[in-house]
Structures are given as structure tokens and as C-alpha cells.
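Asks: Got a file for you: run17.txt, compact mmCIF, C-alpha atoms.
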```
# COMPACT_ATOMS: atom_id res chain seq x y z
CA MET A 1 -35.34 -9.31 -24.00
CA MET A 2 -33.79 -6.02 -24.91
CA ALA A 3 -32.06 -5.53 -28.21
CA LYS A 4 -28.32 -6.00 -28.11
CA LEU A 5 -26.20 -2.89 -27.84
CA HIS A 6 -24.19 -1.87 -30.87
CA ILE A 7 -20.68 -0.79 -29.89
CA THR A 8 -18.09 0.94 -32.06
CA THR A 9 -14.56 0.83 -30.75
CA SER A 10 -10.94 0.44 -31.69
CA ILE A 11 -9.02 -2.71 -30.82
CA ASN A 12 -5.26 -2.70 -31.35
CA GLY A 13 -5.76 0.23 -33.71
CA ASP A 14 -8.41 -1.48 -35.85
CA ALA A 15 -11.90 0.02 -36.00
CA THR A 16 -14.17 -2.70 -34.61
CA GLU A 17 -17.90 -3.08 -34.10
CA PHE A 18 -19.71 -5.64 -31.99
CA LEU A 19 -23.05 -6.39 -30.41
CA CYS A 20 -23.29 -7.15 -26.71
CA GLU A 21 -25.69 -7.53 -23.81
CA PRO A 22 -25.47 -4.89 -21.05
CA HIS A 23 -24.06 -7.48 -18.64
CA ASP A 24 -21.34 -8.80 -20.98
CA THR A 25 -17.85 -7.94 -19.83
CA LEU A 26 -15.17 -6.78 -22.22
CA LEU A 27 -13.55 -10.16 -21.58
CA ASP A 28 -16.75 -11.97 -22.70
CA VAL A 29 -16.84 -9.86 -25.85
CA LEU A 30 -13.17 -10.33 -26.73
CA ARG A 31 -13.15 -14.08 -26.23
CA ASN A 32 -16.66 -15.16 -27.22
CA ASP A 33 -17.77 -12.64 -29.83
CA LEU A 34 -14.54 -11.42 -31.39
CA GLN A 35 -12.67 -14.73 -31.04
CA MET A 36 -9.70 -12.88 -29.63
CA THR A 37 -8.78 -15.63 -27.21
CA GLY A 38 -5.28 -14.40 -26.38
CA THR A 39 -6.78 -12.60 -23.40
CA LYS A 40 -7.35 -15.31 -20.77
CA GLU A 41 -10.01 -15.72 -18.13
CA GLY A 42 -8.56 -16.72 -14.79
CA CYS A 43 -10.65 -15.67 -11.82
CA GLY A 44 -13.25 -13.42 -13.44
CA SER A 45 -13.14 -11.16 -10.38
CA GLY A 46 -10.15 -8.88 -10.96
CA ASP A 47 -7.76 -10.78 -8.73
CA CYS A 48 -5.45 -12.63 -11.13
CA GLY A 49 -4.65 -10.29 -14.03
CA ALA A 50 -4.86 -13.00 -16.72
CA CYS A 51 -7.30 -10.79 -18.65
CA SER A 52 -5.12 -7.65 -18.53
CA VAL A 53 -5.82 -5.26 -21.41
CA THR A 54 -5.50 -1.52 -21.83
CA VAL A 55 -8.38 0.92 -22.23
CA ASP A 56 -7.19 4.27 -23.59
CA GLY A 57 -3.69 3.17 -22.59
CA ARG A 58 -4.60 2.38 -18.99
CA LEU A 59 -4.03 -1.15 -17.69
CA VAL A 60 -7.23 -2.83 -16.45
CA CYS A 61 -8.76 -6.29 -16.04
CA ALA A 62 -11.13 -6.96 -18.96
CA CYS A 63 -13.36 -8.94 -16.57
CA LEU A 64 -14.05 -5.75 -14.60
CA VAL A 65 -15.03 -3.66 -17.64
CA LEU A 66 -18.42 -3.92 -19.32
CA GLY A 67 -18.32 -4.49 -23.07
CA VAL A 68 -20.52 -1.45 -23.60
CA GLU A 69 -17.87 0.72 -21.94
CA ALA A 70 -15.60 0.08 -24.94
CA GLU A 71 -17.70 2.53 -26.99
CA GLY A 72 -15.37 5.15 -28.45
CA ARG A 73 -12.35 3.84 -26.55
CA GLU A 74 -9.02 2.43 -27.68
CA ILE A 75 -8.60 -1.13 -26.47
CA GLY A 76 -5.20 -2.83 -26.45
CA THR A 77 -4.87 -6.62 -26.15
CA ILE A 78 -2.10 -9.21 -26.37
CA GLU A 79 -2.93 -9.63 -30.07
CA GLY A 80 -1.62 -6.10 -30.62
CA VAL A 81 1.70 -6.60 -28.83
CA GLY A 82 3.68 -8.46 -31.50
CA ASP A 83 3.29 -9.42 -35.15
CA ASN A 84 2.63 -12.89 -36.48
CA ASP A 85 6.15 -13.04 -37.88
CA LYS A 86 7.98 -10.97 -35.28
CA LEU A 87 7.63 -11.11 -31.53
CA ASN A 88 7.83 -8.04 -29.33
CA VAL A 89 11.01 -7.76 -27.19
CA ILE A 90 8.99 -8.57 -24.08
CA GLN A 91 7.69 -11.77 -25.65
CA GLU A 92 11.21 -12.71 -26.79
CA LYS A 93 12.57 -12.20 -23.30
CA PHE A 94 9.79 -14.29 -21.75
CA LEU A 95 10.84 -17.13 -24.08
CA GLU A 96 14.54 -16.60 -23.53
CA HIS A 97 14.22 -16.68 -19.73
CA ALA A 98 11.64 -19.49 -19.79
CA ALA A 99 9.35 -17.17 -17.84
CA LEU A 100 6.32 -19.39 -18.28
CA GLN A 101 5.15 -22.92 -17.81
CA CYS A 102 1.44 -23.44 -18.43
CA GLY A 103 1.12 -20.08 -20.18
CA ILE A 104 -2.28 -18.95 -18.90
CA CYS A 105 -0.86 -15.92 -17.11
CA THR A 106 1.58 -15.03 -19.89
CA PRO A 107 -0.56 -12.83 -22.16
CA GLY A 108 -1.67 -10.79 -19.16
CA LEU A 109 1.89 -10.49 -17.91
CA VAL A 110 3.16 -9.40 -21.31
CA VAL A 111 0.42 -6.74 -21.61
CA SER A 112 1.13 -5.56 -18.05
CA THR A 113 4.87 -5.48 -18.66
CA GLN A 114 4.31 -3.36 -21.75
CA ALA A 115 2.19 -0.97 -19.64
CA LEU A 116 4.92 -0.90 -16.96
CA LEU A 117 7.72 -0.14 -19.42
CA THR A 118 5.66 2.56 -21.12
CA LEU A 119 5.23 4.35 -17.77
CA ASN A 120 8.63 3.47 -16.34
CA PRO A 121 11.20 2.33 -18.94
CA ASP A 122 13.85 1.58 -16.30
CA PRO A 123 12.11 -0.03 -13.32
CA THR A 124 13.93 -1.40 -10.31
CA GLU A 125 13.18 -4.98 -9.40
CA ALA A 126 10.97 -3.80 -6.53
CA GLU A 127 9.07 -1.43 -8.83
CA ALA A 128 8.51 -4.20 -11.35
CA ARG A 129 7.35 -6.61 -8.67
CA TYR A 130 4.87 -4.10 -7.21
CA PHE A 131 3.52 -3.07 -10.60
CA LEU A 132 3.01 -6.70 -11.62
CA ALA A 133 1.63 -7.87 -8.26
CA GLY A 134 -1.84 -8.13 -9.80
CA ASN A 135 -0.67 -10.73 -12.32
CA LEU A 136 -0.71 -14.10 -10.61
CA CYS A 137 1.41 -16.99 -11.87
CA ARG A 138 1.00 -20.34 -10.12
CA CYS A 139 3.86 -22.06 -11.99
CA THR A 140 7.07 -20.09 -12.09
CA GLY A 141 7.54 -18.52 -8.69
CA TYR A 142 7.96 -15.18 -10.49
CA ASP A 143 11.75 -15.09 -10.50
CA LYS A 144 12.11 -15.87 -14.20
CA ILE A 145 9.30 -13.47 -15.01
CA ILE A 146 11.03 -10.63 -13.22
CA ARG A 147 14.34 -11.46 -14.93
CA ALA A 148 12.59 -11.39 -18.30
CA VAL A 149 10.91 -8.06 -17.51
CA LEU A 150 14.14 -6.40 -16.39
CA ASP A 151 16.04 -7.81 -19.38
CA ALA A 152 13.32 -6.53 -21.72
CA ALA A 153 13.64 -3.09 -20.12
CA ALA A 154 17.41 -3.11 -20.53
CA THR A 155 17.17 -4.30 -24.14
CA MET A 156 14.54 -1.73 -25.07
CA LYS A 157 16.59 0.99 -23.42
CA GLY A 158 19.70 -0.11 -25.31
CA ALA A 159 17.79 -0.08 -28.59
CA ALA A 160 16.30 3.38 -28.03
CA MET B 1 -28.52 -8.26 -9.80
CA ALA B 2 -28.27 -8.87 -13.51
CA VAL B 3 -27.31 -5.86 -15.54
CA VAL B 4 -30.17 -5.38 -18.00
CA ASP B 5 -29.61 -1.75 -18.88
CA TYR B 6 -26.67 0.63 -19.16
CA GLN B 7 -26.87 4.39 -19.33
CA ALA B 8 -24.04 6.91 -19.47
CA PRO B 9 -25.43 10.28 -18.32
CA LEU B 10 -23.42 13.33 -19.37
CA SER B 11 -24.21 15.55 -16.39
CA ILE B 12 -24.83 15.19 -12.65
CA LYS B 13 -28.35 16.53 -13.17
CA GLU B 14 -29.06 13.87 -15.78
CA ALA B 15 -27.59 11.17 -13.53
CA VAL B 16 -29.74 12.22 -10.56
CA THR B 17 -32.86 12.35 -12.74
CA LEU B 18 -32.17 8.88 -14.15
CA LEU B 19 -31.45 7.53 -10.67
CA ALA B 20 -34.69 8.93 -9.24
CA GLY B 21 -36.84 7.96 -12.23
CA SER B 22 -35.66 4.38 -12.77
CA ASP B 23 -38.44 1.77 -12.85
CA ILE B 24 -35.98 -0.94 -11.80
CA LYS B 25 -33.14 -0.98 -9.30
CA ALA B 26 -30.51 1.49 -10.48
CA LYS B 27 -26.95 1.85 -9.25
CA VAL B 28 -24.31 4.32 -10.22
CA MET B 29 -20.97 2.92 -11.36
CA ALA B 30 -17.55 4.52 -11.23
CA GLY B 31 -14.81 1.90 -11.72
CA GLY B 32 -17.20 -1.01 -11.22
CA THR B 33 -14.58 -3.13 -9.41
CA ASP B 34 -17.11 -3.94 -6.69
CA LEU B 35 -20.37 -3.45 -8.58
CA ILE B 36 -19.60 -5.68 -11.59
CA ILE B 37 -18.64 -8.55 -9.28
CA GLN B 38 -21.73 -8.01 -7.08
CA SER B 39 -23.93 -7.97 -10.18
CA LYS B 40 -22.68 -11.43 -11.15
CA SER B 41 -23.29 -12.98 -7.74
CA GLN B 42 -26.96 -12.07 -7.24
CA ALA B 43 -28.26 -12.67 -10.73
CA ALA B 44 -32.02 -12.68 -10.06
CA GLU B 45 -32.66 -8.97 -9.64
CA PRO B 46 -32.60 -6.76 -12.76
CA LEU B 47 -30.20 -3.84 -12.47
CA ARG B 48 -29.74 -0.62 -14.41
CA ILE B 49 -26.19 0.73 -14.36
CA LEU B 50 -25.59 4.46 -14.60
CA ASP B 51 -21.96 4.91 -15.64
CA LEU B 52 -20.60 8.16 -14.18
CA LYS B 53 -17.40 8.22 -16.21
CA HIS B 54 -18.86 10.38 -18.97
CA ILE B 55 -19.54 13.25 -16.54
CA SER B 56 -16.50 15.54 -16.60
CA GLU B 57 -16.93 16.84 -13.00
CA MET B 58 -16.97 13.26 -11.72
CA MET B 59 -13.62 12.55 -13.39
CA SER B 60 -11.62 15.72 -12.73
CA TYR B 61 -10.16 17.65 -9.80
CA ASP B 62 -9.51 21.22 -8.82
CA ILE B 63 -6.91 22.47 -6.36
CA SER B 64 -7.26 26.01 -5.04
CA ASP B 65 -6.04 28.01 -2.04
CA ALA B 66 -9.08 26.68 -0.20
CA GLY B 67 -8.57 22.99 -0.91
CA LEU B 68 -9.12 20.06 -3.20
CA SER B 69 -12.39 19.31 -4.93
CA LEU B 70 -12.14 15.76 -6.22
CA GLY B 71 -14.32 14.08 -8.79
CA PRO B 72 -15.33 10.88 -6.98
CA ALA B 73 -15.09 8.66 -10.08
CA MET B 74 -11.50 9.51 -11.03
CA CYS B 75 -9.56 6.25 -11.05
CA CYS B 76 -6.87 5.72 -8.43
CA ALA B 77 -4.13 5.26 -11.06
CA GLU B 78 -4.81 8.79 -12.31
CA PHE B 79 -5.20 10.19 -8.79
CA THR B 80 -1.96 8.76 -7.42
CA ALA B 81 -0.01 10.26 -10.34
CA LEU B 82 -1.10 13.84 -9.53
CA ASP B 83 1.98 15.64 -8.19
CA ASP B 84 0.08 18.65 -6.86
CA VAL B 85 -2.28 16.40 -4.89
CA ASN B 86 0.59 14.27 -3.59
CA ALA B 87 2.37 17.37 -2.30
CA LEU B 88 -0.58 18.30 -0.09
CA TYR B 89 -2.32 14.99 0.72
CA PRO B 90 0.40 12.31 0.63
CA GLY B 91 -1.54 10.12 3.07
CA LEU B 92 -4.62 9.98 0.87
CA VAL B 93 -2.43 9.22 -2.15
CA GLU B 94 -0.74 6.35 -0.31
CA ALA B 95 -4.15 4.95 0.67
CA ALA B 96 -5.36 5.10 -2.94
CA TYR B 97 -2.12 3.41 -4.01
CA LEU B 98 -2.88 0.45 -1.75
CA ILE B 99 -6.25 -0.41 -3.31
CA GLY B 100 -5.93 -3.68 -5.22
CA SER B 101 -3.53 -4.16 -8.11
CA THR B 102 -2.30 -1.80 -10.82
CA GLN B 103 -5.21 -3.11 -12.92
CA VAL B 104 -7.77 -2.47 -10.18
CA GLN B 105 -6.35 1.02 -9.62
CA GLY B 106 -6.95 1.63 -13.32
CA ARG B 107 -10.67 1.40 -12.58
CA ALA B 108 -11.32 1.82 -8.84
CA SER B 109 -12.03 5.31 -7.53
CA ILE B 110 -11.93 7.04 -4.17
CA GLY B 111 -15.65 7.82 -4.42
CA GLY B 112 -16.38 4.17 -5.11
CA ASN B 113 -14.21 3.06 -2.18
CA LEU B 114 -16.15 5.48 0.03
CA CYS B 115 -19.63 4.56 -1.23
CA ASN B 116 -18.92 0.82 -1.07
CA SER B 117 -18.36 1.59 2.63
CA SER B 118 -16.30 -1.46 3.53
CA PRO B 119 -14.91 -1.42 7.10
CA ALA B 120 -11.49 -2.16 5.58
CA ALA B 121 -11.59 0.53 2.86
CA ASP B 122 -8.14 2.11 2.75
CA THR B 123 -9.12 5.60 1.66
CA ILE B 124 -11.75 6.18 4.37
CA PRO B 125 -9.41 6.64 7.37
CA ALA B 126 -7.12 8.74 5.15
CA LEU B 127 -10.05 10.93 4.10
CA MET B 128 -11.14 11.34 7.74
CA ALA B 129 -7.61 12.31 8.79
CA SER B 130 -7.60 15.03 6.13
CA ARG B 131 -11.01 16.41 7.22
CA ALA B 132 -12.74 15.40 3.99
CA GLU B 133 -16.39 16.12 3.32
CA CYS B 134 -18.83 14.47 0.94
CA VAL B 135 -20.89 16.73 -1.28
CA ILE B 136 -24.08 14.81 -1.98
CA HIS B 137 -26.54 15.71 -4.71
CA GLY B 138 -30.12 14.59 -4.28
CA VAL B 139 -33.35 15.31 -6.05
CA GLU B 140 -34.00 18.13 -3.57
CA GLY B 141 -30.55 19.75 -3.80
CA GLU B 142 -27.12 19.53 -2.29
CA ARG B 143 -25.90 18.59 1.19
CA THR B 144 -22.48 18.19 2.74
CA VAL B 145 -21.57 15.44 5.20
CA ALA B 146 -18.22 14.89 6.94
CA VAL B 147 -16.69 11.53 5.97
CA GLU B 148 -16.87 10.32 9.60
CA ASP B 149 -20.66 10.79 9.45
CA PHE B 150 -21.03 9.38 5.92
CA VAL B 151 -20.38 5.70 6.59
CA THR B 152 -23.01 4.27 8.95
CA GLY B 153 -22.26 0.53 9.01
CA VAL B 154 -20.74 -2.39 7.16
CA GLY B 155 -21.46 -1.60 3.51
CA ARG B 156 -23.86 1.16 4.56
CA ASN B 157 -23.77 4.92 4.28
CA CYS B 158 -26.04 7.89 4.80
CA MET B 159 -27.04 8.32 1.15
CA GLN B 160 -30.75 8.07 0.46
CA PRO B 161 -32.19 6.45 -2.66
CA GLY B 162 -31.77 8.87 -5.54
CA GLU B 163 -28.77 10.63 -4.04
CA LEU B 164 -25.35 10.82 -5.68
CA LEU B 165 -21.88 11.61 -4.28
CA GLN B 166 -21.00 14.52 -6.54
CA SER B 167 -17.64 15.54 -5.13
CA ILE B 168 -15.22 15.02 -2.27
CA TRP B 169 -13.90 18.16 -0.61
CA LEU B 170 -10.64 18.37 1.32
CA PRO B 171 -9.57 21.65 2.94
CA ARG B 172 -6.05 22.72 1.99
CA PRO B 173 -3.55 21.80 4.71
CA ALA B 174 -1.53 24.80 5.90
CA ALA B 175 2.25 24.67 5.99
CA GLY B 176 3.10 22.48 8.98
CA THR B 177 0.09 20.19 8.46
CA ARG B 178 0.43 16.87 6.61
CA ASP B 179 -1.08 13.41 6.63
CA ALA B 180 0.03 9.78 6.37
CA TYR B 181 -1.73 6.44 5.98
CA LEU B 182 -0.44 3.00 6.90
CA ARG B 183 -2.11 -0.35 6.75
CA PHE B 184 -1.01 -3.79 7.81
CA ILE B 185 -1.42 -6.84 5.59
CA PRO B 186 0.43 -10.14 6.04
CA ARG B 187 2.08 -9.86 2.61
CA SER B 188 3.50 -6.95 0.70
CA GLU B 189 0.75 -6.43 -1.90
CA MET B 190 -2.76 -7.38 -2.99
CA ASP B 191 -4.60 -7.92 0.28
CA ILE B 192 -7.27 -6.33 2.43
CA ALA B 193 -6.30 -4.37 5.53
CA VAL B 194 -5.98 -6.24 8.82
CA ALA B 195 -5.83 -2.76 10.31
CA GLY B 196 -5.20 0.73 8.95
CA ALA B 197 -4.46 4.17 10.37
CA GLY B 198 -4.71 7.64 8.86
CA VAL B 199 -3.12 10.48 10.79
CA SER B 200 -2.83 14.20 10.12
CA VAL B 201 -0.70 16.40 12.36
CA SER B 202 -0.11 20.14 12.49
CA ILE B 203 3.10 21.38 14.04
CA ASP B 204 4.48 24.85 14.69
CA ALA B 205 8.04 26.10 14.23
CA SER B 206 9.05 24.78 17.67
CA GLY B 207 7.89 21.27 16.70
CA THR B 208 4.87 21.34 19.01
CA CYS B 209 1.78 19.59 17.71
CA THR B 210 -1.03 22.14 17.51
CA ALA B 211 -3.75 19.94 15.97
CA ALA B 212 -4.17 16.31 14.99
CA ARG B 213 -6.66 13.89 13.48
CA VAL B 214 -6.40 10.14 13.97
CA ALA B 215 -8.64 7.66 12.12
CA ILE B 216 -8.48 3.88 12.21
CA GLY B 217 -9.79 1.30 9.75
CA ALA B 218 -10.65 -2.42 9.65
CA VAL B 219 -11.01 -2.60 13.44
CA ALA B 220 -14.72 -1.70 13.78
CA PRO B 221 -17.89 -1.88 11.63
CA THR B 222 -16.86 1.48 10.15
CA ALA B 223 -13.60 3.40 10.04
CA LEU B 224 -13.45 5.51 13.20
CA LEU B 225 -12.19 8.95 14.03
CA VAL B 226 -10.48 8.73 17.43
CA PRO B 227 -10.49 12.18 19.06
CA GLN B 228 -8.88 10.77 22.25
CA ALA B 229 -5.85 9.67 20.21
CA ALA B 230 -5.62 13.09 18.57
CA ALA B 231 -5.91 14.79 21.98
CA ALA B 232 -2.96 12.73 23.24
CA LEU B 233 -0.81 14.26 20.49
CA VAL B 234 -1.84 17.91 20.73
CA GLY B 235 0.45 20.09 22.83
CA THR B 236 3.30 17.59 22.70
CA GLN B 237 6.49 17.30 20.67
CA LEU B 238 5.09 13.98 19.34
CA ASP B 239 7.55 12.23 21.61
CA GLU B 240 7.49 8.56 22.52
CA SER B 241 5.18 9.03 25.50
CA ALA B 242 2.61 11.03 23.50
CA LEU B 243 2.72 8.46 20.69
CA ALA B 244 2.24 5.63 23.19
CA GLN B 245 -0.82 7.38 24.63
CA ALA B 246 -2.28 7.92 21.16
CA ALA B 247 -1.65 4.26 20.33
CA ALA B 248 -3.36 3.17 23.55
CA ALA B 249 -6.38 5.41 22.80
CA ALA B 250 -6.69 3.90 19.31
CA SER B 251 -6.51 0.37 20.71
CA ILE B 252 -9.25 1.20 23.24
CA ALA B 253 -11.47 2.76 20.55
CA ALA B 254 -11.14 -0.32 18.31
CA SER B 255 -13.79 -3.04 18.48
CA PRO B 256 -12.35 -5.52 15.99
CA ILE B 257 -13.55 -8.96 14.97
CA THR B 258 -11.54 -12.15 14.66
CA ASP B 259 -11.40 -13.50 11.12
CA ARG B 260 -8.91 -15.27 8.90
CA ARG B 261 -6.88 -12.07 8.53
CA GLY B 262 -6.25 -11.64 12.24
CA THR B 263 -7.63 -12.04 15.73
CA ALA B 264 -9.40 -9.23 17.56
CA ASP B 265 -6.54 -8.95 20.10
CA TYR B 266 -3.95 -8.77 17.36
CA ARG B 267 -5.88 -6.10 15.47
CA ARG B 268 -6.39 -4.05 18.62
CA GLN B 269 -2.68 -4.06 19.31
CA ILE B 270 -1.45 -3.49 15.79
CA VAL B 271 -3.78 -0.57 15.09
CA GLY B 272 -2.01 1.31 17.89
CA VAL B 273 1.37 0.57 16.33
CA LEU B 274 0.11 1.86 12.98
CA VAL B 275 -1.18 5.08 14.58
CA LYS B 276 2.21 5.66 16.16
CA ARG B 277 4.13 5.05 12.93
CA ALA B 278 1.73 7.05 10.78
CA ALA B 279 1.96 9.96 13.22
CA LEU B 280 5.76 9.92 12.90
CA ILE B 281 5.58 9.94 9.10
CA ALA B 282 3.01 12.75 9.17
CA LYS B 283 5.29 14.67 11.57
CA GLN B 284 8.28 14.39 9.22
CA ARG B 285 6.14 15.56 6.32
CA ALA B 286 4.70 18.42 8.36
CA GLN B 287 8.22 19.55 9.32
CA ALA B 288 9.34 19.41 5.71
CA SER B 289 6.37 21.59 4.69
CA LEU B 290 7.23 24.42 7.10
```
Any chance you could give the structure as C-alpha cells?
Replies:
Amino acid sequence: MMAKLHITTSINGDATEFLCEPHDTLLDVLRNDLQMTGTKEGCGSGDCGACSVTVDGRLVCACLVLGVEAEGREIGTIEGVGDNDKLNVIQEKFLEHAALQCGICTPGLVVSTQALLTLNPDPTEAEARYFLAGNLCRCTGYDKIIRAVLDAAATMKGAA
Amino acid sequence: MAVVDYQAPLSIKEAVTLLAGSDIKAKVMAGGTDLIIQSKSQAAEPLRILDLKHISEMMSYDISDAGLSLGPAMCCAEFTALDDVNALYPGLVEAAYLIGSTQVQGRASIGGNLCNSSPAADTIPALMASRAECVIHGVEGERTVAVEDFVTGVGRNCMQPGELLQSIWLPRPAAGTRDAYLRFIPRSEMDIAVAGAGVSVSIDASGTCTAARVAIGAVAPTALLVPQAAAALVGTQLDESALAQAAAAASIAASPITDRRGTADYRRQIVGVLVKRAALIAKQRAQASL
């Protein structure tokens, strides 16, 4: 057995080190080694978006990134979106619009929405739906999610 | 394949040397959206991954008067946001924009889509339409292969062990030449092509088509260039009768299968419709570029 790889990275702005096997995905590392279980595993094959994170600001599925690829990168996860005592606007709007039921897709959707609104602060409904098409939700039917996303955009725009 | 080793070469030369000298099966990785999943499904065979994303030429692009030299590992999300590329190769950009989700586009690359060599790959017909060539680096030097000669079968291409796709070359389209890509899926996002069509047309000031390329995807073991469809367009005003002939030629060239995404008959018919519609979009773009 080969020695584990020693990785130095930044997660939500905090310098972080971990050990991983070459085959471990970033999702494995986050959930199993770093106990950052906010990022969910849905399909494990890049189809559902539950494990959405950012790598150097770019939205990706953590299940399709190797842990070793985090070396020297800036990783962003759901744990970095709000504070313990204050939710991010996107999180507030998801609550307000009841844009969740079981909650498994929610962290991924919140991370993806943040990525959307960073790139496009004023999306149309169609733009939001296309951008978020890789985040599957089997409970809500998406309507409440899209309302929450558009309301978050409007609120953030109003506050800016 | 179980990933037992990971290397991140810093140059193409280093990558080719590592690829040729590996004592176990070695595969290069760009976005990994296919490779990481494949590596989980066949866990018995040890695999060394050579990550190409630390090689600057693999991740960058250069547009000149002669054309576009594209780093094959650049992710689609970066590629589709390039305004200068979109102005010249809108069809290739729309193909890249159709690959998977936003998240997948954050990893997946055009070079990876090409080397994975799926019959339904969206960028391959678009690359063929735009006369793209693959610059391949092997242990014995460099060779260039047209995209239509690159893919040889389902999941197969002409690259020999130890070779690496080092860049993708697209000649610069003149004013009056533009491309378009369309695919059909039964929903609006997140699916694999039932059929796809990439078309490039060149028109002169009178609106006459002076050259054309028509390529179809997901209707044969490989994407196909259809010269008969292109010939039906050349010399015409891209009127309804010329478009109908091109559509018929594409349908004849197709040899689709029946699967859960569509029957062979349906695919054969719809690929013609896509050729027609893509040709019209390419025509409008070509006119606007004059």
C-alpha cells in the first residue's frame, strides 16, 4: 500500500491539510476525513448536484474531483455560505419560500445559487432554471426553489 | 481501474514521458467527468492518473489570423465564456454549452469529450463542421489528424498508447462563414443526444452558399461528416429545396440504433430536421458576419 498523499489546501478561507488515497474524491475527503458533512452524496456520478462545491470559484461536483486535486486550490462548501448565528440571504429565502422538504439537495442548491448569483446577479427565471438544472430535487417540483432563488437575487440587488 | 497513483506533470514532454514509461496502466485526465466514474466501476485494475491541468498549454487558447489553437483540457465553463471564440465559432460554443450540467461544465473539456469518443459526444460534430484538427504528441513526435479521422469507433480513437492530444486546431472562418450546432433531447437540459447536427456554411454577398460542412452525431458508431449533405447546399441560396436535399442526405448517411432514447427510424428522420435547422442558423450567422 502506498503512503497516503499529504494535501495542503484552503477550505472556506481556512488553511487546511489532510491525508488521502489517490482514489479518494473530494467528496470522500470532505465528509469522511474532515467531517464536513454539509456537502451531501446523492448519486456519486455527477448527475444530481447534491455535492456541489466550488474549486477556485468554479462550481463543480465534489464527487467528480479527486481529493488530491485540492492541492493549492481554494475550496468553497456549504459550511462557508452562512455563519452559525446568521444565515446567508439565499438560505433565508429557501426557508421563507419553503424551498425544501427532505433537505438532501438543499446544500448543493444553495452553493449553486451562490455561484449563479455571483456570475449573474439578476437572472431571468429561464437562466436560473438552466444554471440549476444539474441540481436535482425529488421533493419540491422546483417551483419554490426558483422563487427562492429569484427572491434572493432581488433582495441582494436591493441591498447592494 | 482503481486509482493507485496520481501525477501532475508540468509540461507536455513530461506527460508523454510519464505516459510512455508507466509500469501500470496510465491514463491522462482533463476534467475527469468520465474517467473518475469509469475508475470506480472496474476496480480490479490498478490505474495511474496523469492530471493535465497543471500544463499551461493544455489549459489555454490562442486566437490568431490563422485560427484557434485550443488547449484540450480547458473546461467547458471557461471555454463557453470566451467572447472572442464565440464570435468566430458559435456552433462549437453551443455544443460545449450542452455538455452535462453547470457543474459538469466546470470540469469537462472539449479534448476530453473528443478523446472519450462517445457516438453522442456533442462537440465532435461541431468540431468536424468547423474543420478542426487534432494535434497529437507521441514519443516519436507530433502528428495532425482531422477530427473526422480521429474517432474510429464507439469509445475508440486513433491515438496509440503513449500518445497525447496536445491541442485542437480550428482554422479561422472568413467573413461569411459561420457554424451552428443543434441536438435533440426529449427534455430541455441534462440528457444525452438522441441526434445532433453541426453545420458550417460559407456564403457570398449575393447569399449563395460557396462551401459547407455537415456533420451528424448520435446516429452512427461515430459522428459522421456527410459530404453529400454539404454538396446539396453548395451553389444554392440555402432555400427550402436545398435544405430538404441536405436533410435527406443526412438521413441516408445515418445508421442509427434503437435504444431507450429513440428508435432508429425516429433518429434517422430527426437528424435531417436538425441539419436543416442548423444550416439556417449558420446561414443567419454567416450573413451577419459579412
Asks: Would you work out the distance separating atom CA of Leu10 of chain B from atom CA of Val29 of chain A, expressed in Å to one decimal?
Replies: 25.0 Å
Asks: If we count only C-alpha atoms, what is near segment 254-270 of chain B at a cut-off of 10 Å, once residues fewer than 5 positions away on the same chain are taken out, given as a list in words?
Replies: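 The residues that qualify are Arg183, Phe184, Ile185, Pro186, Asp191, Ile192, Ala193, Val194, Ala195, Gly196, Ala197, Ile216, Gly217, Ala218, Val219, Ala220, Pro221, Thr222, Ala223, Leu224, Val226, Ala247, Ala248, Ala249, Val275 and Lys276 of chain B.
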Asks: Could you produce a table of the residues of chain A lying within 6 Å of chain B, with the nearest pair of atoms per residue and their separation in Å rounded to one decimal, using only C-alpha atoms, ordered by chain and increasing residue number, as CSV?
Replies:
```
residue,atom,partner,partner_atom,distance
A:Pro22,CA,B:Val4,CA,5.6
A:His23,CA,B:Val3,CA,4.8
A:Leu59,CA,B:Gln103,CA,5.3
A:Val60,CA,B:Gln103,CA,4.1
A:Cys61,CA,B:Gln103,CA,5.7
A:Leu64,CA,B:Thr33,CA,5.8
A:Phe131,CA,B:Thr102,CA,6.0
A:Gly134,CA,B:Ser101,CA,4.6
```
Asks: Work out how far apart atom CA of Cys134 of chain B and atom CA of Pro72 of chain B are and give it in Å to one decimal.
Replies: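 Interatomic distance here is 9.4 Å.
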Asks: Work out how far atom CA of Ala250 of chain B is from atom CA of Ile281 of chain B, in Å to one decimal.
Replies: 17.1 Å
Asks: Residues near Leu136 of chain A, anyone? I mean within 9 Å using only C-alpha atoms, not counting same-chain ones fewer than 2 positions away, as a CSV table (one decimal) with C-alpha atoms, in the coordinates of the input.
Replies:
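Result written to around-v6.csv:
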```
chain,number,residue,atom,x,y,z
A,47,ASP,CA,-7.8,-10.8,-8.7
A,48,CYS,CA,-5.4,-12.6,-11.1
A,49,GLY,CA,-4.6,-10.3,-14.0
A,50,ALA,CA,-4.9,-13.0,-16.7
A,105,CYS,CA,-0.9,-15.9,-17.1
A,109,LEU,CA,1.9,-10.5,-17.9
A,132,LEU,CA,3.0,-6.7,-11.6
A,133,ALA,CA,1.6,-7.9,-8.3
A,134,GLY,CA,-1.8,-8.1,-9.8
A,138,ARG,CA,1.0,-20.3,-10.1
A,142,TYR,CA,8.0,-15.2,-10.5
```
Asks: Centre and edge lengths of an axis-aligned box around all listed atoms of segment 115-131 of chain A, with 8 Å added on each side, are to be given in Å to one decimal, as JSON.
Replies:
```
{"center_x": 8.1, "center_y": -1.1, "center_z": -13.8, "size_x": 27.7, "size_y": 27.0, "size_z": 30.6}
```
